[in-house]
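Structure file entry.cif (mmCIF, C-alpha atoms) follows.
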data_coords
#
loop_
_atom_site.group_PDB
_atom_site.id
_atom_site.type_symbol
_atom_site.label_atom_id
_atom_site.label_comp_id
_atom_site.auth_asym_id
_atom_site.auth_seq_id
_atom_site.Cartn_x
_atom_site.Cartn_y
_atom_site.Cartn_z
ATOM 1 C CA MET A 770 102.028 86.288 101.727
ATOM 2 C CA ASN A 771 98.570 85.584 100.287
ATOM 3 C CA ILE A 772 96.901 88.808 99.170
ATOM 4 C CA LEU A 773 93.317 89.299 98.027
ATOM 5 C CA LEU A 774 92.575 92.477 96.088
ATOM 6 C CA VAL A 775 88.868 93.257 95.854
ATOM 7 C CA TYR A 776 88.560 95.739 93.006
ATOM 8 C CA ALA A 777 85.551 97.916 92.208
ATOM 9 C CA HIS A 778 85.785 100.082 89.102
ATOM 10 C CA PRO A 779 83.850 99.587 85.853
ATOM 11 C CA GLU A 780 86.556 100.791 83.452
ATOM 12 C CA ALA A 781 89.686 98.696 82.879
ATOM 13 C CA GLN A 782 91.494 101.635 81.233
ATOM 14 C CA SER A 783 90.878 103.986 84.150
ATOM 15 C CA LEU A 784 93.480 105.187 86.622
ATOM 16 C CA ASN A 785 92.082 102.607 89.009
ATOM 17 C CA GLY A 786 92.553 99.900 86.411
ATOM 18 C CA SER A 787 96.170 100.930 85.901
ATOM 19 C CA LEU A 788 96.803 101.033 89.646
ATOM 20 C CA LYS A 789 95.273 97.583 90.039
ATOM 21 C CA ASN A 790 97.514 96.177 87.309
ATOM 22 C CA PHE A 791 100.555 97.817 88.873
ATOM 23 C CA ALA A 792 99.707 96.524 92.349
ATOM 24 C CA VAL A 793 99.188 92.947 91.184
ATOM 25 C CA LYS A 794 102.456 92.849 89.233
ATOM 26 C CA HIS A 795 104.405 94.576 92.005
ATOM 27 C CA LEU A 796 103.139 92.134 94.624
ATOM 28 C CA GLN A 797 103.746 89.093 92.432
ATOM 29 C CA ASP A 798 107.246 90.266 91.544
ATOM 30 C CA ALA A 799 107.910 90.496 95.287
ATOM 31 C CA GLY A 800 106.961 86.828 95.671
ATOM 32 C CA HIS A 801 103.421 87.183 96.995
ATOM 33 C CA GLN A 802 100.452 85.084 95.893
ATOM 34 C CA VAL A 803 97.683 87.354 94.623
ATOM 35 C CA GLN A 804 94.025 86.799 93.850
ATOM 36 C CA VAL A 805 91.821 89.535 92.379
ATOM 37 C CA SER A 806 88.064 89.788 92.744
ATOM 38 C CA ASP A 807 87.232 92.209 89.910
ATOM 39 C CA LEU A 808 83.607 92.819 90.842
ATOM 40 C CA TYR A 809 82.455 94.514 87.645
ATOM 41 C CA ALA A 810 84.194 91.938 85.452
ATOM 42 C CA MET A 811 82.610 89.205 87.584
ATOM 43 C CA LYS A 812 79.195 90.872 87.149
ATOM 44 C CA TRP A 813 78.823 90.636 90.895
ATOM 45 C CA LYS A 814 75.239 90.727 92.158
ATOM 46 C CA ALA A 815 75.155 93.604 94.598
ATOM 47 C CA SER A 816 71.745 93.081 96.191
ATOM 48 C CA LEU A 817 71.314 90.878 99.250
ATOM 49 C CA ASP A 818 68.116 88.885 98.771
ATOM 50 C CA GLY A 819 66.490 85.488 99.145
ATOM 51 C CA GLU A 820 68.356 84.048 96.165
ATOM 52 C CA ASP A 821 71.518 83.979 98.263
ATOM 53 C CA ARG A 822 70.205 80.846 99.992
ATOM 54 C CA THR A 823 69.744 78.007 97.520
ATOM 55 C CA ASP A 824 67.424 75.868 99.707
ATOM 56 C CA ARG A 825 65.081 78.674 100.699
ATOM 57 C CA ASP A 826 61.304 78.291 100.451
ATOM 58 C CA SER A 827 60.392 81.135 98.083
ATOM 59 C CA THR A 828 56.976 81.502 99.711
ATOM 60 C CA ALA A 829 58.429 82.108 103.187
ATOM 61 C CA ARG A 830 59.187 85.536 104.606
ATOM 62 C CA PHE A 831 62.757 86.571 103.849
ATOM 63 C CA ASN A 832 64.841 87.414 106.919
ATOM 64 C CA PRO A 833 68.264 88.710 105.791
ATOM 65 C CA ALA A 834 70.132 87.731 108.963
ATOM 66 C CA MET A 835 68.463 84.396 109.672
ATOM 67 C CA ASP A 836 68.474 83.213 106.063
ATOM 68 C CA SER A 837 72.148 84.148 105.876
ATOM 69 C CA ARG A 838 72.900 82.179 109.051
ATOM 70 C CA ILE A 839 70.985 79.090 107.921
ATOM 71 C CA ALA A 840 72.628 79.105 104.508
ATOM 72 C CA LEU A 841 76.100 79.329 106.055
ATOM 73 C CA GLU A 842 75.379 76.527 108.529
ATOM 74 C CA ARG A 843 73.830 74.221 105.928
ATOM 75 C CA GLY A 844 76.292 74.964 103.153
ATOM 76 C CA THR A 845 73.496 76.309 100.963
ATOM 77 C CA GLN A 846 74.880 79.781 100.242
ATOM 78 C CA SER A 847 74.996 80.768 96.587
ATOM 79 C CA GLU A 848 78.297 79.717 95.043
ATOM 80 C CA ASP A 849 79.613 83.244 94.472
ATOM 81 C CA ILE A 850 79.326 84.061 98.187
ATOM 82 C CA ALA A 851 81.025 80.848 99.282
ATOM 83 C CA LEU A 852 83.915 81.395 96.861
ATOM 84 C CA GLU A 853 84.582 84.903 98.190
ATOM 85 C CA GLN A 854 84.540 83.624 101.771
ATOM 86 C CA GLU A 855 87.113 80.992 100.787
ATOM 87 C CA LYS A 856 89.312 83.764 99.379
ATOM 88 C CA LEU A 857 89.049 85.658 102.677
ATOM 89 C CA PHE A 858 90.077 82.554 104.632
ATOM 90 C CA TRP A 859 93.008 82.096 102.210
ATOM 91 C CA ALA A 860 94.246 85.682 102.390
ATOM 92 C CA ASP A 861 96.739 87.040 104.886
ATOM 93 C CA THR A 862 96.019 90.584 103.690
ATOM 94 C CA VAL A 863 93.002 92.043 101.927
ATOM 95 C CA ILE A 864 93.086 95.228 99.857
ATOM 96 C CA LEU A 865 89.824 96.941 98.963
ATOM 97 C CA GLN A 866 90.378 99.191 95.951
ATOM 98 C CA PHE A 867 87.730 101.660 94.846
ATOM 99 C CA PRO A 868 87.014 105.246 93.798
ATOM 100 C CA LEU A 869 85.421 107.412 96.462
ATOM 101 C CA TRP A 870 81.916 107.952 95.101
ATOM 102 C CA TRP A 871 79.555 110.121 97.118
ATOM 103 C CA PHE A 872 81.707 109.802 100.216
ATOM 104 C CA SER A 873 81.747 106.003 100.237
ATOM 105 C CA MET A 874 82.477 102.902 98.203
ATOM 106 C CA PRO A 875 80.666 102.036 94.967
ATOM 107 C CA ALA A 876 77.394 100.141 95.435
ATOM 108 C CA ILE A 877 78.839 96.964 93.926
ATOM 109 C CA LEU A 878 81.521 96.799 96.638
ATOM 110 C CA LYS A 879 79.021 97.559 99.397
ATOM 111 C CA GLY A 880 76.965 94.685 97.979
ATOM 112 C CA TRP A 881 80.015 92.416 98.132
ATOM 113 C CA VAL A 882 80.317 93.226 101.825
ATOM 114 C CA GLU A 883 76.614 92.730 102.536
ATOM 115 C CA ARG A 884 76.477 89.335 100.834
ATOM 116 C CA VAL A 885 79.894 87.872 101.728
ATOM 117 C CA TYR A 886 79.830 89.023 105.363
ATOM 118 C CA ALA A 887 77.235 86.417 106.309
ATOM 119 C CA TYR A 888 75.704 85.928 109.750
ATOM 120 C CA GLY A 889 78.023 83.523 111.563
ATOM 121 C CA PHE A 890 80.909 84.464 109.288
ATOM 122 C CA ALA A 891 81.552 88.182 109.869
ATOM 123 C CA TYR A 892 78.869 88.986 112.432
ATOM 124 C CA GLY A 893 76.799 87.091 114.964
ATOM 125 C CA VAL A 894 79.999 85.373 116.118
ATOM 126 C CA GLY A 895 80.884 84.526 119.729
ATOM 127 C CA GLU A 896 79.082 84.619 123.054
ATOM 128 C CA HIS A 897 76.993 87.551 124.225
ATOM 129 C CA SER A 898 77.039 88.047 127.994
ATOM 130 C CA ASP A 899 77.553 90.716 130.643
ATOM 131 C CA THR A 900 81.316 90.559 130.075
ATOM 132 C CA HIS A 901 81.712 89.674 126.395
ATOM 133 C CA TRP A 902 79.558 91.065 123.584
ATOM 134 C CA GLY A 903 80.363 88.848 120.637
ATOM 135 C CA ASP A 904 83.667 88.351 118.845
ATOM 136 C CA ARG A 905 83.974 91.660 117.037
ATOM 137 C CA TYR A 906 85.923 94.949 117.001
ATOM 138 C CA GLY A 907 89.351 93.403 117.355
ATOM 139 C CA GLU A 908 88.181 89.800 117.491
ATOM 140 C CA GLY A 909 86.274 87.629 115.055
ATOM 141 C CA THR A 910 86.555 85.308 112.095
ATOM 142 C CA LEU A 911 89.121 87.469 110.288
ATOM 143 C CA ALA A 912 91.327 88.269 113.284
ATOM 144 C CA GLY A 913 95.032 87.974 112.566
ATOM 145 C CA LYS A 914 94.629 89.188 108.987
ATOM 146 C CA ARG A 915 95.473 92.642 107.681
ATOM 147 C CA ALA A 916 93.444 94.961 105.479
ATOM 148 C CA MET A 917 94.101 98.203 103.629
ATOM 149 C CA LEU A 918 92.043 100.574 101.511
ATOM 150 C CA LEU A 919 93.392 101.766 98.157
ATOM 151 C CA VAL A 920 91.200 104.761 97.350
ATOM 152 C CA THR A 921 91.074 107.367 94.602
ATOM 153 C CA ALA A 922 89.330 110.719 95.070
ATOM 154 C CA GLY A 923 88.642 113.465 92.575
ATOM 155 C CA GLY A 924 88.987 116.318 95.061
ATOM 156 C CA TRP A 925 92.124 118.008 96.300
ATOM 157 C CA GLU A 926 93.859 116.613 99.360
ATOM 158 C CA SER A 927 93.079 119.880 101.152
ATOM 159 C CA HIS A 928 89.362 119.268 100.579
ATOM 160 C CA TYR A 929 89.719 116.220 102.834
ATOM 161 C CA SER A 930 91.913 117.851 105.481
ATOM 162 C CA PRO A 931 90.823 118.451 109.107
ATOM 163 C CA ARG A 932 89.255 121.793 108.104
ATOM 164 C CA GLY A 933 88.437 120.851 104.525
ATOM 165 C CA ILE A 934 84.933 121.245 103.112
ATOM 166 C CA ASN A 935 84.472 117.482 102.617
ATOM 167 C CA GLY A 936 85.545 116.602 106.131
ATOM 168 C CA PRO A 937 88.696 114.742 107.186
ATOM 169 C CA ILE A 938 89.421 111.675 105.080
ATOM 170 C CA GLU A 939 89.897 109.745 108.347
ATOM 171 C CA ASP A 940 86.279 110.481 109.283
ATOM 172 C CA ILE A 941 84.930 109.680 105.823
ATOM 173 C CA LEU A 942 86.667 106.298 105.817
ATOM 174 C CA PHE A 943 85.943 105.507 109.490
ATOM 175 C CA PRO A 944 82.739 103.519 108.779
ATOM 176 C CA ILE A 945 84.710 101.310 106.390
ATOM 177 C CA HIS A 946 87.848 101.040 108.516
ATOM 178 C CA HIS A 947 86.088 100.477 111.827
ATOM 179 C CA GLY A 948 82.709 99.050 110.858
ATOM 180 C CA ILE A 949 83.564 96.866 107.843
ATOM 181 C CA LEU A 950 87.195 95.870 108.409
ATOM 182 C CA TYR A 951 87.891 96.097 112.149
ATOM 183 C CA TYR A 952 84.470 94.722 113.145
ATOM 184 C CA PRO A 953 85.171 91.148 111.891
ATOM 185 C CA GLY A 954 88.734 91.245 113.217
ATOM 186 C CA PHE A 955 91.085 92.695 110.613
ATOM 187 C CA ASP A 956 94.120 94.703 111.674
ATOM 188 C CA VAL A 957 93.418 97.833 109.624
ATOM 189 C CA LEU A 958 96.336 99.627 107.996
ATOM 190 C CA PRO A 959 96.313 103.346 107.178
ATOM 191 C CA PRO A 960 94.763 103.882 103.744
ATOM 192 C CA PHE A 961 96.545 104.738 100.544
ATOM 193 C CA VAL A 962 94.623 107.631 98.998
ATOM 194 C CA ALA A 963 95.290 109.283 95.642
ATOM 195 C CA TYR A 964 93.732 112.735 95.221
ATOM 196 C CA ARG A 965 92.819 114.846 92.165
ATOM 197 C CA THR A 966 92.621 111.729 90.065
ATOM 198 C CA ASP A 967 91.098 113.540 87.081
ATOM 199 C CA ARG A 968 94.376 115.485 86.823
ATOM 200 C CA PHE A 969 96.637 112.484 86.526
ATOM 201 C CA ASP A 970 98.518 111.929 83.297
ATOM 202 C CA GLU A 971 101.326 109.661 82.125
ATOM 203 C CA ALA A 972 103.937 112.025 83.558
ATOM 204 C CA LYS A 973 102.507 111.855 87.080
ATOM 205 C CA PHE A 974 101.653 108.154 87.083
ATOM 206 C CA PRO A 975 105.196 106.842 87.849
ATOM 207 C CA ASN A 976 105.408 108.893 91.063
ATOM 208 C CA LEU A 977 102.033 107.583 92.190
ATOM 209 C CA CYS A 978 103.129 104.009 91.494
ATOM 210 C CA SER A 979 106.364 104.569 93.370
ATOM 211 C CA ALA A 980 104.466 105.732 96.448
ATOM 212 C CA LEU A 981 102.007 102.837 96.187
ATOM 213 C CA GLY A 982 104.845 100.360 95.738
ATOM 214 C CA LYS A 983 106.432 101.497 98.992
ATOM 215 C CA ARG A 984 103.142 100.977 100.831
ATOM 216 C CA LEU A 985 102.714 97.532 99.309
ATOM 217 C CA ASP A 986 106.253 96.585 100.301
ATOM 218 C CA ALA A 987 105.394 97.480 103.905
ATOM 219 C CA LEU A 988 102.094 95.587 104.191
ATOM 220 C CA ALA A 989 103.531 93.189 106.755
ATOM 221 C CA SER A 990 105.328 95.820 108.827
ATOM 222 C CA THR A 991 103.062 98.885 108.824
ATOM 223 C CA GLU A 992 101.514 99.633 112.202
ATOM 224 C CA PRO A 993 97.722 99.232 112.055
ATOM 225 C CA LEU A 994 95.322 101.933 113.145
ATOM 226 C CA PRO A 995 95.170 101.722 116.963
ATOM 227 C CA PHE A 996 91.463 101.023 117.368
ATOM 228 C CA ARG A 997 90.264 100.084 120.842
ATOM 229 C CA LYS A 998 89.183 96.464 121.288
ATOM 230 C CA GLN A 999 85.621 96.014 122.419
ATOM 231 C CA ASN A 1000 85.981 93.242 124.988
ATOM 232 C CA PHE A 1001 89.272 94.229 126.620
ATOM 233 C CA GLY A 1002 88.132 96.720 129.238
ATOM 234 C CA ASP A 1003 87.780 100.056 127.451
ATOM 235 C CA TYR A 1004 84.028 99.717 126.971
ATOM 236 C CA ALA A 1005 81.228 99.090 129.453
ATOM 237 C CA ILE A 1006 79.273 95.956 128.532
ATOM 238 C CA PRO A 1007 76.491 95.626 127.488
ATOM 239 C CA GLN A 1008 76.124 99.397 126.986
ATOM 240 C CA LEU A 1009 79.196 99.394 124.703
ATOM 241 C CA THR A 1010 80.143 102.943 125.638
ATOM 242 C CA LEU A 1011 83.651 104.029 126.540
ATOM 243 C CA ARG A 1012 84.424 104.094 130.232
ATOM 244 C CA GLU A 1013 83.981 107.575 131.658
ATOM 245 C CA ASP A 1014 87.669 107.852 132.568
ATOM 246 C CA ILE A 1015 88.755 107.285 128.944
ATOM 247 C CA ALA A 1016 88.898 110.445 126.789
ATOM 248 C CA PRO A 1017 86.672 112.377 129.254
ATOM 249 C CA GLY A 1018 84.627 115.133 127.670
ATOM 250 C CA ARG A 1019 85.382 113.953 124.156
ATOM 251 C CA SER A 1020 83.193 112.222 121.583
ATOM 252 C CA GLY A 1021 83.247 111.341 117.902
ATOM 253 C CA PHE A 1022 85.170 108.836 115.854
ATOM 254 C CA ALA A 1023 88.599 109.705 117.263
ATOM 255 C CA VAL A 1024 87.777 108.486 120.783
ATOM 256 C CA HIS A 1025 87.767 104.920 119.463
ATOM 257 C CA LEU A 1026 91.467 105.227 118.675
ATOM 258 C CA LYS A 1027 94.038 104.908 121.436
#
Write out the structure in this file as structure tokens.
Amino acid sequence: MNILLVYAHPEAQSLNGSLKNFAVKHLQDAGHQVQVSDLYAMKWKASLDGEDRTDRDSTARFNPAMDSRIALERGTQSEDIALEQEKLFWADTVILQFPLWWFSMPAILKGWVERVYAYGFAYGVGEHSDTHWGDRYGEGTLAGKRAMLLVTAGGWESHYSPRGINGPIEDILFPIHHGILYYPGFDVLPPFVAYRTDRFDEAKFPNLCSALGKRLDALASTEPLPFRKQNFGDYAIPQLTLREDIAPGRSGFAVHLK
């Protein structure tokens, strides 16, 4: 299997750095082909701007979506964007690895998404009509591929439980799972989350690696999160709201799971 690991942590000697090294070796030892996009080491440019289109008239008004679409169509995207898109086409499975900072991913990884997910590549794909509202949420350019989050959090697991002060981890990660991974078509696997990371030491690290290794060994067989597909009857189009007979009286993130 071809696996792309997109890694976002600034310190190579961190717990994240050690987990990344373990994951790469474990996957390679199992016979997989692995590429790593180490965003800090690459000095990845996080901001989406007019420089992402190499043929752009600098005096013209910058339109993020339209400039992105034109650059993709003309082959005039900046080289770093095009290379990451090639890696996504190559990969069977994508792992996004990051520390949970302020309830989301680090800015550098969000910037990777904003720049690499170009108009016509990850969004703006497919027909829009009264019966089909684009190829997204279960369809799209990256359909047929798998994705998983590898996340570290400083808080206790109970802090992220259904009644925990931080809110359920499923809700915190929903915008990434559903809006960043499922939107362009990925089958999204349950996340691997390590808690209380500031309390890890050499004695605890082997158990964490053992648990991660088991998840990595099951990348091809783990059941993905059962998100509802947009264009397959559960949602009214073009309103894009759930049919009234589905999960009646309920709302929130969970209604978008079967």
Step by step, work through what the PyMOL selection byres ((chain A and resi 966-974) around 10) selects in the shown file, and finish by giving those residues as a short mmCIF file (atom, residue, chain, number, x, y, z; two decimals) with C-alpha atoms, keeping the file's coordinate frame.
data_model
loop_
_atom_site.label_atom_id
_atom_site.label_comp_id
_atom_site.auth_asym_id
_atom_site.auth_seq_id
_atom_site.Cartn_x
_atom_site.Cartn_y
_atom_site.Cartn_z
CA SER A 783 90.88 103.99 84.15
CA LEU A 784 93.48 105.19 86.62
CA ASN A 785 92.08 102.61 89.01
CA SER A 787 96.17 100.93 85.90
CA LEU A 788 96.80 101.03 89.65
CA PRO A 868 87.01 105.25 93.80
CA THR A 921 91.07 107.37 94.60
CA ALA A 922 89.33 110.72 95.07
CA GLY A 923 88.64 113.46 92.58
CA GLY A 924 88.99 116.32 95.06
CA TRP A 925 92.12 118.01 96.30
CA ALA A 963 95.29 109.28 95.64
CA TYR A 964 93.73 112.74 95.22
CA ARG A 965 92.82 114.85 92.16
CA PRO A 975 105.20 106.84 87.85
CA ASN A 976 105.41 108.89 91.06
CA LEU A 977 102.03 107.58 92.19
CA CYS A 978 103.13 104.01 91.49
CA SER A 979 106.36 104.57 93.37
#
>> At a cut-off of 8 Å, using only C-alpha atoms, what residues contact A:Leu857? Leave out same-chain residues fewer than 6 positions from it and give the result as number ranges by chain.
In response: A: 773, 863, 911
> Skipping near chain neighbours, those fewer than 3 positions away, what residues fall within 8 Å of A:Trp813 using all atoms listed in the file, listed as a list in words?
Replying inline: Leu808, Tyr809, Ala810, Ile877 and Trp881 of chain A
>> So that I can see what lies close to A:Ala989, please list as a PyMOL selection string the residues with an atom at most 9 Å from it, counting only C-alpha atoms and leaving out residues fewer than 5 positions away in the same chain.
In response: chain A and resi 770+862+915
>> Once the PyMOL selection byres ((chain A and resi 806) around 8) is applied to the coordinates I shared, what remains selected? I want it as a list in words.
In response: Leu773, Leu774, Val775, Tyr776, Gln804, Val805, Asp807, Leu808 and Met811 of chain A
> Which value, in Å to one decimal, gives the distance between atom CA of A:Lys856 and atom CA of A:Pro995?
Replying inline: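 Pair atom CA of A:Lys856 / atom CA of A:Pro995 returns 25.8 Å.
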> What residues come out when you apply the PyMOL selection byres ((chain A and resi 890) around 10) to this file, written as a list in words?
Replying inline: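 When the PyMOL selection byres ((chain A and resi 890) around 10) is applied, the selected residues are Ser837, Arg838, Leu841, Glu842, Gln854, Val885, Tyr886, Ala887, Tyr888, Gly889, Ala891, Tyr892, Gly893, Val894, Gly909, Thr910, Leu911 and Pro953 of chain A.
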>> Would you pick out the contacts of A:Pro944 at 12 Å or less, using all atoms listed in the file, so that residues sharing its chain but fewer than 2 positions from it are not included, and give the list as a VMD selection string?
In response: chain A and resid 872 to 874 879 938 to 942 946 to 952 1022 1025
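Counting from atom CA of A:Leu985, the distance to atom CA of A:Ala815 is 28.2 Å.
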